[in-house]
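Okay, entry_16.cif is below, mmCIF, C-alpha atoms:
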data_model
#
loop_
_atom_site.label_atom_id
_atom_site.label_comp_id
_atom_site.auth_asym_id
_atom_site.auth_seq_id
_atom_site.Cartn_x
_atom_site.Cartn_y
_atom_site.Cartn_z
CA MET A 257 17.18 19.80 4.57
CA ALA A 258 17.71 18.47 8.07
CA THR A 259 17.78 14.74 8.62
CA ARG A 260 16.16 12.98 11.55
CA LYS A 261 15.92 9.48 12.93
CA ALA A 262 12.52 7.82 12.64
CA ARG A 263 10.78 4.65 13.74
CA ILE A 264 8.23 3.60 11.14
CA LEU A 265 5.63 0.84 11.03
CA ILE A 266 5.56 -0.44 7.42
CA LEU A 267 1.99 -0.59 6.08
CA CYS A 268 2.46 -0.41 2.32
CA LYS A 269 4.57 -1.92 -0.41
CA THR A 270 3.18 -1.43 -3.90
CA TYR A 271 3.86 -3.43 -7.04
CA PRO A 272 6.70 -1.72 -8.94
CA SER A 273 5.90 0.44 -11.92
CA PRO A 274 8.31 2.40 -14.13
CA SER A 275 8.46 6.16 -14.41
CA SER A 276 10.91 8.08 -16.56
CA LYS A 277 11.01 11.16 -14.33
CA TYR A 278 10.19 9.74 -10.89
CA SER A 279 11.90 6.36 -11.06
CA GLU A 280 10.75 4.95 -7.76
CA THR A 281 10.52 1.17 -8.02
CA SER A 282 7.77 0.99 -5.43
CA CYS A 283 5.82 3.06 -2.96
CA VAL A 284 6.72 2.15 0.60
CA ALA A 285 4.67 3.86 3.28
CA GLY A 286 3.97 3.51 6.94
CA MET A 287 3.13 5.18 10.22
CA GLU A 288 5.35 6.88 12.77
CA ASP A 289 4.84 6.44 16.50
CA ASN A 290 2.77 9.64 16.63
CA GLY A 291 0.28 8.25 14.09
CA HIS A 292 1.51 10.37 11.17
CA LEU A 293 1.60 8.60 7.81
CA ILE A 294 4.84 8.75 5.84
CA ARG A 295 6.01 7.83 2.32
CA LEU A 296 9.59 6.60 1.79
CA PHE A 297 11.91 6.43 -1.22
CA PRO A 298 14.15 5.23 -2.71
CA VAL A 299 13.86 1.79 -1.14
CA PRO A 300 16.11 -0.91 -2.67
CA PHE A 301 14.24 -3.63 -4.47
CA ARG A 302 15.87 -6.29 -2.30
CA LEU A 303 13.93 -4.89 0.68
CA ILE A 304 10.50 -5.18 -0.97
CA ASN A 305 10.79 -8.30 -3.11
CA ASP A 306 9.56 -11.79 -2.26
CA ASP A 307 12.32 -12.29 0.31
CA GLN A 308 10.66 -9.50 2.32
CA GLN A 309 13.71 -8.45 4.26
CA PHE A 310 11.34 -6.14 6.04
CA LYS A 311 7.69 -7.01 6.11
CA LYS A 312 4.36 -5.28 6.19
CA TRP A 313 3.44 -4.59 9.84
CA GLN A 314 7.11 -4.57 10.86
CA PHE A 315 8.90 -1.59 12.39
CA ILE A 316 12.05 -0.20 10.86
CA LYS A 317 14.40 2.49 12.11
CA ALA A 318 16.13 4.78 9.65
CA THR A 319 17.43 8.28 9.03
CA ILE A 320 15.12 10.31 6.79
CA GLU A 321 14.71 13.81 5.42
CA LYS A 322 11.87 15.61 3.67
CA ALA A 323 11.99 14.98 -0.07
CA LYS A 324 13.23 17.94 -2.09
CA ASP A 325 11.61 17.01 -5.41
CA ASP A 326 8.29 15.73 -4.06
CA HIS A 327 6.13 18.36 -2.40
CA ARG A 328 3.61 15.92 -0.96
CA PRO A 329 3.96 16.45 2.82
CA GLU A 330 4.32 12.74 3.62
CA SER A 331 7.15 12.10 1.12
CA HIS A 332 10.60 11.55 2.62
CA HIS A 333 13.97 10.44 1.35
CA ILE A 334 15.38 7.53 3.33
CA LYS A 335 19.08 6.92 3.94
CA VAL A 336 19.28 3.32 2.80
CA ASP A 337 22.39 2.38 4.77
CA THR A 338 20.61 3.34 8.00
CA ILE A 339 17.59 1.04 7.54
CA GLY A 340 17.24 -1.58 10.25
CA ARG A 341 14.40 -3.81 11.37
CA ASP A 342 13.10 -3.06 14.86
CA GLY A 343 11.66 -6.32 16.13
CA PRO A 344 9.31 -8.89 14.57
CA PRO A 345 6.06 -7.91 12.78
CA VAL A 346 3.35 -6.60 15.09
CA SER A 347 1.25 -9.50 16.36
CA THR A 348 -2.24 -10.42 15.11
CA LYS A 349 -3.11 -12.08 18.45
CA ASN A 350 -6.23 -11.13 20.40
CA ALA A 351 -8.12 -10.02 17.30
CA TRP A 352 -5.35 -7.67 16.14
CA ALA A 353 -5.25 -5.84 19.48
CA GLU A 354 -1.66 -4.62 19.01
CA ARG A 355 -2.23 -3.60 15.41
CA TRP A 356 -5.44 -1.77 16.28
CA ALA A 357 -3.48 0.22 18.86
CA PHE A 358 -1.61 1.79 15.94
CA LEU A 359 -4.54 2.09 13.53
CA ASP A 360 -6.53 3.88 16.21
CA LYS A 361 -3.93 6.67 16.20
CA ALA A 362 -5.00 7.72 12.71
CA ARG A 363 -8.26 8.94 11.29
CA ILE A 364 -10.12 6.38 9.18
CA HIS A 365 -12.39 8.12 6.70
CA ASP A 366 -15.73 6.58 5.80
CA GLU A 367 -16.29 8.69 2.69
CA PHE A 368 -13.88 9.25 -0.18
CA SER A 369 -15.10 12.81 -0.75
CA ALA A 370 -14.00 13.70 2.80
CA LEU A 371 -10.55 12.26 2.11
CA GLU A 372 -10.27 14.32 -1.08
CA ALA A 373 -11.50 17.44 0.69
CA GLU A 374 -8.76 16.98 3.28
CA ARG A 375 -6.18 16.73 0.48
CA VAL A 376 -7.40 20.02 -0.98
CA SER A 377 -7.38 21.80 2.38
CA THR A 378 -4.22 20.32 3.94
CA GLY A 379 -2.28 18.76 1.07
CA HIS A 380 -2.33 15.30 2.69
CA THR A 381 -1.90 12.52 0.12
CA LEU A 382 -1.94 9.40 2.31
CA ALA A 383 -5.08 8.43 4.22
CA PHE A 384 -7.15 5.51 5.44
CA LEU A 385 -10.58 4.81 3.97
CA ARG A 386 -13.15 2.25 5.11
CA PRO A 387 -15.62 1.49 2.29
CA SER A 388 -19.18 0.66 3.25
CA ARG A 389 -19.43 -2.12 0.69
CA ILE A 390 -17.27 -3.76 -1.95
CA LEU A 391 -19.24 -4.03 -5.17
CA ALA A 392 -16.78 -5.89 -7.40
CA VAL A 393 -13.23 -6.14 -8.68
CA ASP A 394 -12.75 -5.02 -12.27
CA VAL A 395 -10.13 -7.10 -14.08
CA THR A 396 -8.85 -5.35 -17.19
CA PRO A 397 -6.21 -6.82 -19.53
CA SER A 398 -3.14 -4.64 -19.82
CA SER A 399 -2.66 -3.12 -23.24
CA ASN A 400 1.03 -4.06 -22.92
CA PRO A 401 1.40 -7.22 -20.80
CA ASP A 402 5.21 -7.22 -20.93
CA TRP A 403 7.73 -4.57 -19.92
CA THR A 404 9.29 -2.76 -22.83
CA SER A 405 13.05 -2.38 -22.70
CA GLN A 406 12.50 1.31 -21.97
CA GLU A 407 10.21 0.51 -19.02
CA ARG A 408 12.70 -1.93 -17.56
CA ASP A 409 15.45 0.66 -17.90
CA LYS A 410 13.24 3.15 -16.03
CA LEU A 411 12.75 0.69 -13.20
CA LEU A 412 16.49 0.40 -12.77
CA LYS A 413 17.59 3.93 -13.59
CA TYR A 414 17.06 5.82 -10.36
CA GLN A 415 18.47 3.22 -8.02
CA GLN A 416 21.43 2.50 -10.30
CA GLN A 417 22.24 6.20 -10.29
CA ALA A 418 21.94 6.25 -6.51
CA GLY A 419 24.17 3.19 -6.18
CA LEU A 420 21.51 1.14 -4.39
CA PHE A 421 21.54 -2.02 -6.50
CA ASP A 422 23.94 -4.88 -6.31
CA ALA A 423 24.11 -7.49 -9.08
CA ALA A 424 21.45 -9.70 -7.47
CA ASP A 425 19.02 -6.78 -7.16
CA ALA A 426 19.50 -5.84 -10.79
CA ARG A 427 18.87 -9.43 -11.90
CA ALA A 428 15.71 -9.56 -9.78
CA ILE A 429 14.37 -6.37 -11.36
CA ARG A 430 15.18 -7.65 -14.84
CA THR A 431 13.18 -10.84 -14.19
CA LEU A 432 10.28 -9.05 -12.44
CA ARG A 433 7.12 -9.92 -14.28
CA LYS A 434 4.73 -7.17 -15.26
CA LEU A 435 1.14 -7.79 -14.24
CA PRO A 436 -0.81 -8.61 -17.40
CA PHE A 437 -3.99 -7.18 -15.84
CA GLU A 438 -5.03 -4.10 -13.95
CA PHE A 439 -7.27 -4.52 -10.91
CA HIS A 440 -9.72 -1.92 -9.65
CA TYR A 441 -12.04 -2.05 -6.68
CA ARG A 442 -15.54 -0.71 -7.25
CA TYR A 443 -16.96 0.18 -3.88
CA ARG A 444 -19.60 2.22 -2.14
CA CYS A 445 -19.49 4.72 0.67
CA ASP A 446 -22.70 5.24 2.64
CA VAL A 447 -22.75 8.19 5.02
CA GLY A 448 -25.92 9.56 6.57
CA GLY A 449 -28.07 7.67 4.10
CA VAL A 450 -26.25 9.17 1.11
CA GLN A 451 -24.59 6.60 -1.13
CA ALA A 452 -21.76 7.21 -3.58
CA GLU A 453 -19.84 4.74 -5.73
CA TYR A 454 -16.13 4.94 -6.54
CA ARG A 455 -13.55 3.03 -8.52
CA HIS A 456 -9.83 2.98 -7.73
CA LYS A 457 -6.87 0.94 -8.91
CA ILE A 458 -5.35 -1.60 -6.52
CA ALA A 459 -1.58 -1.11 -6.44
CA ASP A 460 -0.85 -3.25 -3.36
CA TRP A 461 2.05 -5.69 -3.75
CA GLU A 462 -0.07 -8.40 -2.10
CA ALA A 463 -2.71 -8.18 -4.84
CA GLY A 464 -0.04 -8.71 -7.49
CA ALA A 465 1.41 -11.64 -5.53
CA LEU A 466 -2.09 -13.09 -5.15
CA PHE A 467 -2.55 -12.99 -8.92
CA TRP A 468 0.72 -14.83 -9.58
CA ASN A 469 -0.06 -17.44 -6.90
CA CYS A 470 -3.54 -18.05 -8.34
CA ARG A 471 -2.10 -18.27 -11.85
CA LYS A 472 0.49 -20.80 -10.61
CA ASN A 473 -1.99 -22.93 -8.66
CA TYR A 474 -5.05 -22.76 -10.93
CA GLY A 475 -3.71 -21.94 -14.40
CA GLU A 476 -6.33 -20.44 -16.67
CA LYS A 477 -8.93 -20.80 -13.90
CA TRP A 478 -7.07 -18.27 -11.70
CA GLU A 479 -9.79 -15.62 -11.73
CA ALA A 480 -12.35 -17.39 -9.51
CA PRO A 481 -10.03 -17.86 -6.48
CA PHE A 482 -8.56 -14.40 -7.06
CA ARG A 483 -12.01 -12.84 -6.94
CA GLU A 484 -13.02 -14.98 -3.98
CA LYS A 485 -10.18 -13.50 -1.94
CA LEU A 486 -10.73 -9.86 -2.92
CA GLU A 487 -14.52 -9.82 -3.25
CA SER A 488 -15.53 -12.15 -0.39
CA VAL A 489 -12.77 -13.06 2.07
CA LEU A 490 -11.28 -9.59 2.63
CA PRO A 491 -14.63 -7.73 2.70
CA ALA A 492 -15.82 -10.19 5.36
CA ALA A 493 -13.16 -8.62 7.59
CA ASP A 494 -12.99 -4.93 8.45
CA LEU A 495 -11.42 -4.03 5.12
CA ILE A 496 -9.61 -0.69 5.13
CA PHE A 497 -7.82 0.95 2.20
CA LEU A 498 -4.61 2.91 2.60
CA MET A 499 -5.01 5.44 -0.18
CA GLY A 500 -2.19 7.39 -1.77
CA THR A 501 -1.78 9.75 -4.70
CA ILE A 502 0.48 9.62 -7.74
CA HIS A 503 3.57 11.86 -7.64
CA ARG A 504 2.94 13.44 -11.01
CA PHE A 505 -0.82 13.71 -10.45
CA PRO A 506 -1.42 14.45 -6.75
CA ASP A 507 -5.19 14.58 -7.24
CA GLN A 508 -5.32 10.99 -8.55
CA TRP A 509 -5.70 8.36 -5.84
CA LEU A 510 -4.72 4.68 -5.75
CA ILE A 511 -5.37 1.94 -3.22
CA VAL A 512 -1.77 1.40 -2.18
CA SER A 513 -2.38 -1.10 0.63
CA LEU A 514 -5.15 -3.42 1.80
CA ILE A 515 -5.57 -3.75 5.56
CA TYR A 516 -8.04 -6.35 6.81
CA PRO A 517 -8.33 -6.79 10.58
CA PRO A 518 -11.17 -8.88 12.02
CA LYS A 519 -14.25 -6.85 12.72
CA ARG A 520 -14.51 -5.38 16.18
CA PRO A 521 -17.68 -5.04 18.23
CA PRO A 522 -19.16 -1.53 18.40
CA LEU A 523 -17.31 0.93 20.63
CA ARG A 524 -19.97 0.82 23.34
CA GLU A 525 -19.63 -2.97 23.62
CA ARG A 526 -15.84 -2.71 23.81
CA GLN A 527 -16.08 -0.13 26.57
CA GLN A 528 -18.52 -2.28 28.51
CA SER A 529 -16.20 -5.28 28.16
CA LEU A 530 -13.33 -3.28 29.66
CA PHE A 531 -15.58 -2.13 32.49
CA ASP A 532 -16.55 -5.73 33.25
CA LEU A 533 -12.87 -6.61 33.69
#

Written form, structure tokens:
Amino acid sequence: MATRKARILILCKTYPSPSSKYSETSCVAGMEDNGHLIRLFPVPFRLINDDQQFKKWQFIKATIEKAKDDHRPESHHIKVDTIGRDGPPVSTKNAWAERWAFLDKARIHDEFSALEAERVSTGHTLAFLRPSRILAVDVTPSSNPDWTSQERDKLLKYQQQAGLFDAADARAIRTLRKLPFEFHYRYRCDVGGVQAEYRHKIADWEAGALFWNCRKNYGEKWEAPFREKLESVLPAADLIFLMGTIHRFPDQWLIVSLIYPPKRPPLRERQQSLFDL
């Protein structure tokens, strides 16, 4: 397939999970200048780990091509040796004005059933969703809190075969801690007076990092500050989910990224403010 050069605003880095057939260490996704959402793989672990050699809300430039073994329309193979950062992360100044300029290019659904209907009709498997209300975070202990040797081998397999790891990357993967819990948002969508409740797993890297930071700072009392952040602090902003599907199960959705700009005044008030200028 033909390659092309792309400029992509990174919006998603998920916590790594092993897969024997589709050995992507993490989902990395973003938005092109035209507002189209895009999924990228394989991305070397060194570019998504705690060193954050490129960050969420930062532009990269790279050569990409449509994935051959992933028929989801947003999925693209990235030429790793062409990846380069394109400036600092987009500013949060002026109530996220610059970031909103990009978010406003894409449709933000207010009902999960509409998002799923679009997947059925168009095949799209990345989309924004704004829940009406966060009900709670479900914290469920993992049945296997540690990686098995087979799982760790799966995490390394694809990128080792592709020659993307150096020794430091491999060591980092081998010491990557598996999350001992799964986290799901329970939320409600309210459209035209009709309410519906949903539950989806949170796969965002930031949620995993938040858990480890709370565990480090609060020990066994980690859950209260963890919940405070996800159930109170983020919903107080204009919390938006970036939703994505699983490669093997394209009808199963995950919350792959949490986006939480400050709330904006209604459109009419914003337009009046511009007129007053």

Report task. Compare A:Trp356, A:Tyr516, A:Phe368, A:Tyr271 by their minimum atom-to-atom distance to Leu490 (chain A), counting all atoms listed in the file, and give me the closest one. Result -> A:Tyr516

Report task. Run the PyMOL selection byres ((chain A and resi 471-485) around 12) mentally over the shown coordinates, then write out the matched residues as JSON, numbers by chain, using the chain letters and numbers from the document. Result -> {"A": [390, 391, 392, 393, 394, 395, 396, 435, 436, 437, 439, 440, 441, 462, 463, 464, 465, 466, 467, 468, 469, 470, 486, 487, 488, 489, 490, 491, 492, 493, 495, 514, 516]}

Query - Selection: 8 Å around region 284-289 of chain A, all atoms listed in the file, excl. self and same-chain fewer than 6 positions, as a ChimeraX atom specification - result: /A:262-270,295-297,299,358

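Between CA of Phe497 (chain A) and CA of Ala323 (chain A) there is a distance of 24.4 Å.
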
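Put simply, CA of Gly343 (chain A) is 23.4 Å away from CA of Asp460 (chain A).
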
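Reported to one decimal place, the separation of CA of Arg355 (chain A) from CA of Trp313 (chain A) is 8.0 Å.
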
Query raised in the report: Applied to this file, what does the PyMOL selection byres ((chain A and resi 339-342) around 8) return in terms of residues, put as an MDAnalysis selection string?
Result: chainID A and resid 310 314:319 335:338 343:344

Hey, can I get the axis-aligned box for region 464-476 of chain A? All listed atoms, 8 Å padding on each side, centre and edge lengths in Å to one decimal, as JSON.
{"center_x": -2.5, "center_y": -15.8, "center_z": -10.9, "size_x": 23.7, "size_y": 30.2, "size_z": 27.5}

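Picked out by the PyMOL selection byres ((chain A and resi 512) around 7) when it runs on this file: Cys268, Thr270, Ile458, Ala459, Asp460, Leu498, Met499, Gly500, Leu510, Ile511 and Ser513 of chain A.
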
**Report entry** Top pick for closest residue to Val376 (chain A), considering A:Pro345, A:Pro506, A:Pro300, A:Gly449 and counting only C-alpha atoms
**Finding:** A:Pro506

Step by step: start from the point (-6.7, -9.3, 17.3) in the file's coordinates, keep every protein, DNA or RNA residue that has an atom no farther than 12 Å from it, count all atoms listed in the file, and write the set as a PDB file with C-alpha atoms, in the coordinates of the input.
ATOM      1  CA  VAL A 346       3.350  -6.600  15.090  1.00  0.00           C
ATOM      2  CA  SER A 347       1.250  -9.500  16.360  1.00  0.00           C
ATOM      3  CA  THR A 348      -2.240 -10.420  15.110  1.00  0.00           C
ATOM      4  CA  LYS A 349      -3.110 -12.080  18.450  1.00  0.00           C
ATOM      5  CA  ASN A 350      -6.230 -11.130  20.400  1.00  0.00           C
ATOM      6  CA  ALA A 351      -8.120 -10.020  17.300  1.00  0.00           C
ATOM      7  CA  TRP A 352      -5.350  -7.670  16.140  1.00  0.00           C
ATOM      8  CA  ALA A 353      -5.250  -5.840  19.480  1.00  0.00           C
ATOM      9  CA  GLU A 354      -1.660  -4.620  19.010  1.00  0.00           C
ATOM     10  CA  ARG A 355      -2.230  -3.600  15.410  1.00  0.00           C
ATOM     11  CA  TRP A 356      -5.440  -1.770  16.280  1.00  0.00           C
ATOM     12  CA  ALA A 357      -3.480   0.220  18.860  1.00  0.00           C
ATOM     13  CA  ALA A 493     -13.160  -8.620   7.590  1.00  0.00           C
ATOM     14  CA  ASP A 494     -12.990  -4.930   8.450  1.00  0.00           C
ATOM     15  CA  TYR A 516      -8.040  -6.350   6.810  1.00  0.00           C
ATOM     16  CA  PRO A 517      -8.330  -6.790  10.580  1.00  0.00           C
ATOM     17  CA  PRO A 518     -11.170  -8.880  12.020  1.00  0.00           C
ATOM     18  CA  LYS A 519     -14.250  -6.850  12.720  1.00  0.00           C
ATOM     19  CA  ARG A 520     -14.510  -5.380  16.180  1.00  0.00           C
ATOM     20  CA  PRO A 521     -17.680  -5.040  18.230  1.00  0.00           C
TER      21      PRO A 521
END

Output as a short mmCIF file (atom, residue, chain, number, x, y, z; two decimals), in the frame of the given file: region 476-493 of chain A, completed with N, CA and C atoms.
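Output saved as selection_15.cif:
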data_model
loop_
_atom_site.label_atom_id
_atom_site.label_comp_id
_atom_site.auth_asym_id
_atom_site.auth_seq_id
_atom_site.Cartn_x
_atom_site.Cartn_y
_atom_site.Cartn_z
N GLU A 476 -5.38 -21.33 -16.02
CA GLU A 476 -6.33 -20.44 -16.67
C GLU A 476 -7.58 -20.20 -15.83
N LYS A 477 -7.77 -20.98 -14.78
CA LYS A 477 -8.93 -20.80 -13.90
C LYS A 477 -8.58 -19.93 -12.69
N TRP A 478 -7.57 -19.09 -12.81
CA TRP A 478 -7.07 -18.27 -11.70
C TRP A 478 -8.07 -17.25 -11.20
N GLU A 479 -8.98 -16.79 -12.08
CA GLU A 479 -9.79 -15.62 -11.73
C GLU A 479 -10.78 -15.89 -10.60
N ALA A 480 -11.36 -17.10 -10.55
CA ALA A 480 -12.35 -17.39 -9.51
C ALA A 480 -11.74 -17.32 -8.11
N PRO A 481 -10.61 -17.99 -7.83
CA PRO A 481 -10.03 -17.86 -6.48
C PRO A 481 -9.49 -16.46 -6.20
N PHE A 482 -9.03 -15.78 -7.23
CA PHE A 482 -8.56 -14.40 -7.06
C PHE A 482 -9.71 -13.51 -6.61
N ARG A 483 -10.84 -13.64 -7.31
CA ARG A 483 -12.01 -12.84 -6.94
C ARG A 483 -12.55 -13.24 -5.57
N GLU A 484 -12.53 -14.52 -5.27
CA GLU A 484 -13.02 -14.98 -3.98
C GLU A 484 -12.28 -14.27 -2.84
N LYS A 485 -10.98 -14.15 -2.98
CA LYS A 485 -10.18 -13.50 -1.94
C LYS A 485 -10.53 -12.01 -1.82
N LEU A 486 -10.56 -11.31 -2.95
CA LEU A 486 -10.73 -9.86 -2.92
C LEU A 486 -12.18 -9.42 -2.78
N GLU A 487 -13.12 -10.23 -3.27
CA GLU A 487 -14.52 -9.82 -3.25
C GLU A 487 -15.30 -10.41 -2.07
N SER A 488 -14.79 -11.50 -1.47
CA SER A 488 -15.53 -12.15 -0.39
C SER A 488 -14.74 -12.24 0.91
N VAL A 489 -13.52 -12.80 0.84
CA VAL A 489 -12.77 -13.06 2.07
C VAL A 489 -12.36 -11.75 2.75
N LEU A 490 -11.72 -10.84 2.01
CA LEU A 490 -11.28 -9.59 2.63
C LEU A 490 -12.45 -8.70 3.06
N PRO A 491 -13.50 -8.55 2.24
CA PRO A 491 -14.63 -7.73 2.70
C PRO A 491 -15.35 -8.31 3.91
N ALA A 492 -15.21 -9.62 4.17
CA ALA A 492 -15.82 -10.19 5.36
C ALA A 492 -15.11 -9.72 6.62
N ALA A 493 -13.88 -9.25 6.48
CA ALA A 493 -13.16 -8.62 7.59
C ALA A 493 -13.49 -7.13 7.59
#
